[in-house]
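Engineer: Dropping in data_25.csv, with CSV, C-alpha atoms and all ligand atoms.
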chain,number,residue,atom,x,y,z
E,1,MET,CA,-7.1,-35.7,39.1
E,2,ILE,CA,-3.5,-36.4,38.3
E,3,PRO,CA,-1.2,-36.2,41.4
E,4,VAL,CA,1.4,-33.5,41.3
E,5,GLN,CA,4.8,-35.0,41.1
E,6,SER,CA,7.7,-33.4,42.9
E,7,GLY,CA,9.5,-30.8,40.6
E,8,GLU,CA,6.3,-30.2,38.7
E,9,LEU,CA,4.1,-27.1,39.2
E,10,SER,CA,0.6,-27.5,40.6
E,11,ASP,CA,-2.2,-26.2,38.4
E,12,ALA,CA,-2.3,-23.0,40.4
E,13,GLY,CA,1.4,-22.6,40.1
E,14,ARG,CA,1.4,-23.3,36.4
E,15,ASN,CA,-1.4,-20.8,35.9
E,16,LYS,CA,0.5,-18.2,38.0
E,17,SER,CA,3.6,-18.8,36.0
E,18,LYS,CA,1.6,-18.6,32.7
E,19,MET,CA,0.0,-15.4,33.9
E,20,SER,CA,3.3,-13.7,34.8
E,21,LYS,CA,4.7,-14.7,31.4
E,22,LYS,CA,1.5,-13.5,29.7
E,23,SER,CA,1.4,-10.2,31.4
E,24,LYS,CA,5.1,-9.6,30.5
E,25,THR,CA,4.2,-10.3,26.9
E,26,ASP,CA,1.2,-8.1,27.2
E,27,ILE,CA,3.3,-5.2,28.5
E,28,ASN,CA,5.7,-5.7,25.6
E,29,ILE,CA,2.9,-5.6,23.1
E,30,LEU,CA,1.3,-2.6,24.8
E,31,ASN,CA,4.6,-0.7,24.6
E,32,SER,CA,5.4,-1.8,21.0
E,33,ALA,CA,5.7,0.7,18.3
E,34,SER,CA,2.7,-0.7,16.4
E,35,ALA,CA,0.6,-0.4,19.6
E,36,ARG,CA,1.6,3.2,20.1
E,37,ILE,CA,0.9,4.1,16.5
E,38,ARG,CA,-2.5,2.4,16.5
E,39,GLU,CA,-3.4,4.2,19.7
E,40,ARG,CA,-2.4,7.6,18.3
E,41,ILE,CA,-4.5,7.0,15.2
E,42,LYS,CA,-7.5,5.8,17.3
E,43,SER,CA,-7.4,8.8,19.6
E,44,ASP,CA,-7.3,11.1,16.6
E,45,GLY,CA,-10.3,9.4,15.1
E,46,GLY,CA,-8.2,8.3,12.1
E,47,SER,CA,-8.2,5.0,10.3
E,48,PHE,CA,-5.5,2.5,9.5
E,49,LEU,CA,-7.0,0.4,6.7
E,50,ALA,CA,-4.5,-1.4,4.5
E,51,ASN,CA,-4.6,1.3,1.8
E,52,ASP,CA,-4.4,4.3,4.2
E,53,ASN,CA,-1.2,6.3,4.6
E,54,ILE,CA,-0.4,6.5,8.3
E,55,SER,CA,2.9,8.4,8.2
E,56,GLU,CA,1.6,11.4,10.1
E,57,TYR,CA,1.2,9.2,13.1
E,58,ILE,CA,4.7,7.8,13.1
E,59,LYS,CA,7.3,9.6,15.2
E,60,PRO,CA,11.0,9.8,14.2
E,61,GLY,CA,12.8,6.6,14.9
E,62,GLU,CA,9.6,4.5,15.3
E,63,LEU,CA,9.9,3.0,11.8
E,64,ILE,CA,13.1,1.3,12.8
E,65,GLU,CA,11.4,-0.1,15.9
E,66,LEU,CA,8.4,-1.2,13.8
E,67,GLY,CA,10.8,-2.9,11.4
E,68,VAL,CA,12.2,-5.0,14.3
E,69,GLU,CA,8.7,-5.9,15.5
E,70,VAL,CA,7.5,-6.9,12.0
E,71,ALA,CA,10.6,-9.1,11.6
E,72,ASP,CA,9.8,-10.8,14.9
E,73,ARG,CA,6.3,-11.5,13.8
E,74,VAL,CA,7.4,-12.8,10.3
E,75,ARG,CA,9.9,-15.1,12.1
E,76,ASP,CA,6.9,-16.4,14.2
E,77,LEU,CA,5.0,-17.0,11.0
E,78,LEU,CA,8.0,-19.0,9.5
E,79,HIS,CA,8.2,-21.0,12.7
E,80,THR,CA,4.5,-21.7,12.5
E,81,LEU,CA,4.9,-22.8,8.9
E,82,VAL,CA,7.4,-25.4,10.4
E,83,ILE,CA,10.5,-23.9,8.6
E,84,ASP,CA,13.8,-24.3,10.4
E,85,VAL,CA,15.0,-20.8,10.1
E,86,GLU,CA,18.0,-21.5,12.5
E,87,ASN,CA,19.5,-24.2,10.3
E,88,ASP,CA,18.2,-23.3,6.8
E,89,HIS,CA,20.7,-20.9,5.3
E,90,ASN,CA,18.1,-19.7,2.8
E,91,THR,CA,15.5,-18.5,5.3
E,92,ARG,CA,17.8,-17.4,8.2
E,93,GLU,CA,17.5,-13.7,7.3
E,94,THR,CA,14.1,-13.9,5.6
E,95,ALA,CA,12.2,-12.3,8.4
E,96,GLU,CA,14.4,-9.2,8.3
E,97,ARG,CA,14.3,-9.1,4.5
E,98,VAL,CA,10.5,-9.3,4.4
E,99,SER,CA,10.1,-6.6,7.1
E,100,ARG,CA,12.4,-4.2,5.1
E,101,MET,CA,10.6,-5.0,1.9
E,102,TYR,CA,7.1,-4.3,3.4
E,103,ILE,CA,8.0,-1.1,5.2
E,104,ASN,CA,10.5,0.5,2.8
E,105,GLU,CA,9.4,-0.9,-0.6
E,106,VAL,CA,6.2,-2.6,-1.5
E,107,PHE,CA,4.1,-0.9,1.3
E,108,LYS,CA,6.2,2.3,1.6
E,109,GLY,CA,3.1,4.3,0.6
E,110,ARG,CA,1.6,3.4,4.0
E,111,TYR,CA,4.5,4.4,6.2
E,112,HIS,CA,6.3,7.1,4.3
E,113,GLU,CA,5.2,10.6,3.5
E,114,GLN,CA,4.1,11.6,0.0
E,115,PRO,CA,7.0,12.6,-2.2
E,116,LYS,CA,7.4,16.3,-2.4
E,117,VAL,CA,5.4,17.7,-5.3
E,118,THR,CA,5.6,21.4,-6.1
E,119,SER,CA,2.6,22.8,-8.0
E,120,PHE,CA,2.8,26.1,-10.0
E,121,PRO,CA,0.1,28.6,-10.9
E,122,ASN,CA,-1.3,27.9,-14.4
E,123,ALA,CA,0.0,31.3,-15.6
E,124,LYS,CA,-0.7,30.7,-19.3
E,125,LYS,CA,-4.2,29.5,-18.5
E,126,LEU,CA,-3.6,26.2,-20.3
E,127,ASP,CA,-6.9,24.3,-20.9
E,128,GLU,CA,-6.0,21.7,-23.5
E,129,ILE,CA,-6.1,18.2,-22.3
E,130,TYR,CA,-3.0,16.0,-22.1
E,131,THR,CA,-2.3,12.4,-21.0
E,132,VAL,CA,0.7,10.8,-19.3
E,133,GLY,CA,1.5,7.1,-19.5
E,134,PRO,CA,2.0,4.3,-19.4
E,135,MET,CA,3.5,4.5,-15.9
E,136,THR,CA,4.3,1.2,-14.2
E,137,VAL,CA,2.6,0.7,-10.8
E,138,ARG,CA,3.2,-2.1,-8.4
E,139,SER,CA,0.9,-3.1,-5.5
E,140,ALA,CA,-0.2,-6.1,-3.6
E,141,CYS,CA,-3.8,-7.3,-3.2
E,142,SER,CA,-5.3,-6.7,0.2
E,143,HIS,CA,-6.8,-10.2,0.2
E,144,HIS,CA,-3.7,-12.4,-0.4
E,145,PHE,CA,-0.7,-10.0,-0.3
E,146,VAL,CA,0.5,-11.1,-3.7
E,147,PRO,CA,1.6,-8.7,-6.5
E,148,ILE,CA,-0.6,-6.5,-8.7
E,149,ILE,CA,1.5,-5.1,-11.5
E,150,GLY,CA,0.2,-2.8,-14.2
E,151,ASN,CA,0.2,0.4,-16.1
E,152,VAL,CA,-1.6,3.7,-15.4
E,153,TRP,CA,-2.5,6.6,-17.8
E,154,ILE,CA,-3.5,9.9,-16.4
E,155,GLY,CA,-5.4,12.6,-18.4
E,156,ILE,CA,-5.6,16.2,-17.2
E,157,LYS,CA,-7.5,19.3,-18.3
E,158,PRO,CA,-5.5,21.9,-16.3
E,159,GLY,CA,-7.1,24.0,-13.7
E,160,SER,CA,-5.6,26.7,-11.5
E,161,ARG,CA,-2.4,24.8,-10.8
E,162,VAL,CA,0.0,22.6,-12.8
E,163,ILE,CA,2.6,20.0,-11.7
E,164,GLY,CA,5.6,18.4,-13.6
E,165,LEU,CA,4.9,15.3,-15.6
E,166,SER,CA,7.3,13.1,-13.6
E,167,LYS,CA,5.4,13.9,-10.4
E,168,PHE,CA,2.4,11.9,-11.7
E,169,SER,CA,4.6,8.8,-11.7
E,170,ARG,CA,6.0,9.5,-8.2
E,171,VAL,CA,2.5,10.0,-6.7
E,172,ALA,CA,1.1,6.9,-8.5
E,173,ASP,CA,4.0,4.9,-7.2
E,174,TRP,CA,3.4,6.2,-3.6
E,175,VAL,CA,-0.4,5.5,-3.7
E,176,PHE,CA,0.0,2.0,-5.2
E,177,SER,CA,2.7,0.9,-2.8
E,178,ARG,CA,0.1,-0.3,-0.3
E,179,PRO,CA,-2.1,-3.3,-0.1
E,180,HIS,CA,-5.0,-2.5,-2.4
E,181,ILE,CA,-7.9,-3.6,-4.4
E,182,GLN,CA,-7.7,-2.0,-7.9
E,183,GLU,CA,-11.1,-0.3,-7.8
E,184,GLU,CA,-10.2,1.6,-4.6
E,185,ALA,CA,-6.6,2.3,-5.7
E,186,VAL,CA,-7.7,4.3,-8.7
E,187,MET,CA,-10.1,6.4,-6.6
E,188,ILE,CA,-7.3,7.2,-4.0
E,189,LEU,CA,-4.9,8.2,-6.8
E,190,ALA,CA,-7.6,10.5,-8.3
E,191,ASP,CA,-8.2,12.1,-4.9
E,192,GLU,CA,-4.4,12.8,-4.5
E,193,ILE,CA,-4.0,14.3,-8.0
E,194,GLU,CA,-7.1,16.5,-7.5
E,195,LYS,CA,-5.5,17.8,-4.2
E,196,LEU,CA,-2.2,18.5,-5.9
E,197,CYS,CA,-3.3,20.4,-9.0
E,198,GLU,CA,-7.0,21.0,-8.9
E,199,PRO,CA,-7.6,20.1,-12.5
E,200,GLN,CA,-10.8,21.1,-14.4
E,201,GLY,CA,-10.9,17.5,-15.7
E,202,LEU,CA,-9.2,14.3,-14.6
E,203,GLY,CA,-9.2,10.8,-16.1
E,204,ILE,CA,-7.3,7.7,-15.0
E,205,ILE,CA,-7.1,4.3,-16.6
E,206,ILE,CA,-5.4,1.3,-15.0
E,207,LYS,CA,-4.7,-2.0,-16.6
E,208,ALA,CA,-3.1,-4.5,-14.2
E,209,GLU,CA,-2.3,-8.1,-13.8
E,210,HIS,CA,-3.3,-9.8,-10.5
E,211,TYR,CA,-1.1,-12.6,-9.2
E,212,CYS,CA,-4.0,-13.8,-7.0
E,213,MET,CA,-5.5,-14.9,-10.3
E,214,LYS,CA,-2.2,-16.1,-11.9
E,215,LEU,CA,-0.5,-17.8,-9.0
E,216,ARG,CA,-3.4,-19.3,-7.1
E,217,GLY,CA,-7.2,-19.7,-7.3
E,218,VAL,CA,-8.4,-19.9,-10.9
E,219,LYS,CA,-4.7,-19.7,-12.2
E,220,GLU,CA,-5.5,-17.6,-15.3
E,221,PRO,CA,-2.2,-16.3,-16.5
E,222,GLN,CA,-3.6,-14.0,-19.3
E,223,CYS,CA,-6.3,-12.3,-17.3
E,224,SER,CA,-6.0,-8.6,-16.5
E,225,MET,CA,-8.3,-6.0,-15.1
E,226,VAL,CA,-8.9,-2.6,-16.6
E,227,ASN,CA,-10.8,0.2,-14.8
E,228,SER,CA,-11.0,3.9,-15.0
E,229,VAL,CA,-12.3,7.0,-13.2
E,230,VAL,CA,-13.3,10.3,-14.8
E,231,ARG,CA,-13.9,13.5,-12.8
E,232,GLY,CA,-14.8,17.1,-13.4
E,233,ASP,CA,-15.2,18.1,-17.1
E,234,PHE,CA,-14.3,14.6,-18.2
E,235,ARG,CA,-17.3,13.3,-16.5
E,236,HIS,CA,-19.8,16.0,-17.7
E,237,ASP,CA,-18.5,16.5,-21.2
E,238,ALA,CA,-18.8,13.3,-23.3
E,239,SER,CA,-16.6,14.6,-26.2
E,240,LEU,CA,-13.8,15.4,-23.7
E,241,LYS,CA,-14.1,12.0,-22.2
E,242,GLN,CA,-13.9,10.5,-25.6
E,243,GLU,CA,-10.8,12.6,-26.4
E,244,PHE,CA,-9.1,11.3,-23.3
E,245,PHE,CA,-9.7,7.7,-24.1
E,246,GLU,CA,-8.6,8.3,-27.7
E,247,LEU,CA,-5.3,9.9,-26.6
E,248,VAL,CA,-4.6,6.9,-24.3
E,249,ARG,CA,-5.4,4.5,-27.2
E,250,GLN,CA,-2.9,6.4,-29.3
E,251,GLN,CA,-0.3,6.2,-26.6
E,252,GLN,CA,-0.9,2.4,-26.3
E,253,ALA,CA,-0.6,2.1,-30.1
E,254,PHE,CA,2.6,4.1,-30.0
E,255,MET,CA,4.0,1.5,-27.6
E,256,ASN,CA,3.3,-1.5,-29.9
E,301,ZN,ZN,-5.9,-11.5,-3.9
Since I need it in another form, could you write the structure as structure tokens?
Structural biologist:
Amino acid sequence: MIPVQSGELSDAGRNKSKMSKKSKTDINILNSASARIRERIKSDGGSFLANDNISEYIKPGELIELGVEVADRVRDLLHTLVIDVENDHNTRETAERVSRMYINEVFKGRYHEQPKVTSFPNAKKLDEIYTVGPMTVRSACSHHFVPIIGNVWIGIKPGSRVIGLSKFSRVADWVFSRPHIQEEAVMILADEIEKLCEPQGLGIIIKAEHYCMKLRGVKEPQCSMVNSVVRGDFRHDASLKQEFFELVRQQQAFMN
């Protein structure tokens, strides 16, 4: 055993000092905005997966608190990456920038409520299908947090309610502004659109480029992913489904 020199703490003293430091940190973490929000979600039996929206559990003012907390953790990450944030003028404010970017921009669909969408009764009993697109969507992959950028087309056979065309773009932007995998993103978007306008038929096609394939890993710059979902009459009626894909093809051809 190494003798304790004067001015040094004994093992017991060191542990005690560590413990009091640790418990102080623990108290801070327990009182943090993220801890309170997580606790609320858990006690409500909710989930906080990367592609969930958790805005209903966030109280007024807590997003600002959460922003400070996220910036602190990003700064910790930069320290751990051995980046001198105190002396490097380029990264001095990076933690705050990244925090704002996550909470208010690229992941705003997790922390902010759905944009207001008013639906109207389908008074004229419209039942011809129409498609809207391409609408640009931006997301980040749940696995690496690097961008997914693509286009979405939505096809509707109206049901009891209708919504304005621009609302599809707003809802798609809100749903995609979360960490995602594309296969789940399209399902979540379909669920939200069904809730908003209860269409008789719904089809969604997404074509997106994934920076986890471009920037890293296999480094395939030309590769993209296309997937679709069809619901209601588009699922049961093959000719309607065909018409939906044909309309989207025409829209794509119109773009070229
Ligand atoms: Zn990835």
Engineer: Pull the closest atom pair for each residue of chain E that gets at most 6 Å from ligand ZN 301 (chain E), along with the distance in Å to one decimal, counting only C-alpha atoms and all ligand atoms, ordering rows by chain and then ascending residue number, as CSV.
Structural biologist:
residue,atom,partner,partner_atom,distance
E:Cys141,CA,E:ZN301,ZN,4.7
E:His143,CA,E:ZN301,ZN,4.4
E:His144,CA,E:ZN301,ZN,4.2
E:Cys212,CA,E:ZN301,ZN,4.3
Engineer: With all atoms listed in the file as the atoms that count, which of E:Lys219, E:Lys167, E:Lys125, E:His180 lies nearest to Phe145 in chain E?
Structural biologist: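 Once distances to Phe145 in chain E are computed over all atoms listed in the file, the minimum belongs to E:His180.
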Engineer: Nearest residue to Asp72 in chain E out of E:Asp233, E:Asp44, E:Glu96, E:Glu192, using all atoms listed in the file?
Structural biologist: E:Glu96
Engineer: Please list as a list of chain:residue names every residue within 8 Å of range 182-186 of chain E, counting all atoms listed in the file and excluding residues in the same chain fewer than 2 positions away.
Structural biologist: E:Asn51, E:Val175, E:Phe176, E:His180, E:Ile188, E:Leu189, E:Ala190, E:Ile204, E:Ile205, E:Ile206, E:Asn227, E:Ser228, E:Val229
Engineer: Okay, now the selection with C-alpha atoms, as a PDB file, keeping the file's coordinate frame?
Structural biologist:
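Generated file (again27.pdb):
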ATOM      1  CA  ASN E  51      -4.600   1.300   1.800  1.00  0.00           C
ATOM      2  CA  VAL E 175      -0.400   5.500  -3.700  1.00  0.00           C
ATOM      3  CA  PHE E 176       0.000   2.000  -5.200  1.00  0.00           C
ATOM      4  CA  HIS E 180      -5.000  -2.500  -2.400  1.00  0.00           C
ATOM      5  CA  ILE E 188      -7.300   7.200  -4.000  1.00  0.00           C
ATOM      6  CA  LEU E 189      -4.900   8.200  -6.800  1.00  0.00           C
ATOM      7  CA  ALA E 190      -7.600  10.500  -8.300  1.00  0.00           C
ATOM      8  CA  ILE E 204      -7.300   7.700 -15.000  1.00  0.00           C
ATOM      9  CA  ILE E 205      -7.100   4.300 -16.600  1.00  0.00           C
ATOM     10  CA  ILE E 206      -5.400   1.300 -15.000  1.00  0.00           C
ATOM     11  CA  ASN E 227     -10.800   0.200 -14.800  1.00  0.00           C
ATOM     12  CA  SER E 228     -11.000   3.900 -15.000  1.00  0.00           C
ATOM     13  CA  VAL E 229     -12.300   7.000 -13.200  1.00  0.00           C
TER      14      VAL E 229
END
Engineer: For range 194-203 of chain E, find every residue with an atom within 6 Å (counting all atoms listed in the file), except residues of its own chain fewer than 3 positions away, and show them as a ChimeraX atom specification.
Structural biologist: /E:154-159,161-162,191,229-234
Engineer: Please list as a list in words every residue within 12 Å of range 214-216 of chain E, counting all atoms listed in the file and excluding residues in the same chain fewer than 4 positions away.
Structural biologist: His144, Phe145, Val146, Pro147, Ile148, Ile149, Ala208, Glu209, His210, Glu220, Pro221, Gln222, Cys223 and Ser224 of chain E
Engineer: Would you output that residue set with C-alpha atoms, as a CSV table (one decimal), keeping the file's coordinate frame?
Structural biologist:
chain,number,residue,atom,x,y,z
E,144,HIS,CA,-3.7,-12.4,-0.4
E,145,PHE,CA,-0.7,-10.0,-0.3
E,146,VAL,CA,0.5,-11.1,-3.7
E,147,PRO,CA,1.6,-8.7,-6.5
E,148,ILE,CA,-0.6,-6.5,-8.7
E,149,ILE,CA,1.5,-5.1,-11.5
E,208,ALA,CA,-3.1,-4.5,-14.2
E,209,GLU,CA,-2.3,-8.1,-13.8
E,210,HIS,CA,-3.3,-9.8,-10.5
E,220,GLU,CA,-5.5,-17.6,-15.3
E,221,PRO,CA,-2.2,-16.3,-16.5
E,222,GLN,CA,-3.6,-14.0,-19.3
E,223,CYS,CA,-6.3,-12.3,-17.3
E,224,SER,CA,-6.0,-8.6,-16.5
Engineer: What is the distance, in Å and to one decimal place, between CA of Glu113 in chain E and CA of Ile64 in chain E?
Structural biologist: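 Taking CA of Glu113 in chain E as the start and CA of Ile64 in chain E as the end point, the length is 15.3 Å.
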Engineer: Interatomic distance between CA of Asp173 in chain E and CA of Phe107 in chain E?
Structural biologist: 10.3 Å
Engineer: With only C-alpha atoms as the basis for distance, which of E:Met187, E:Ile181, E:Val117, E:Val152 is at the shortest distance from Val132 in chain E?
Structural biologist: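 Of E:Met187, E:Ile181, E:Val117, E:Val152, the one nearest Val132 in chain E is E:Val152, counting only C-alpha atoms.
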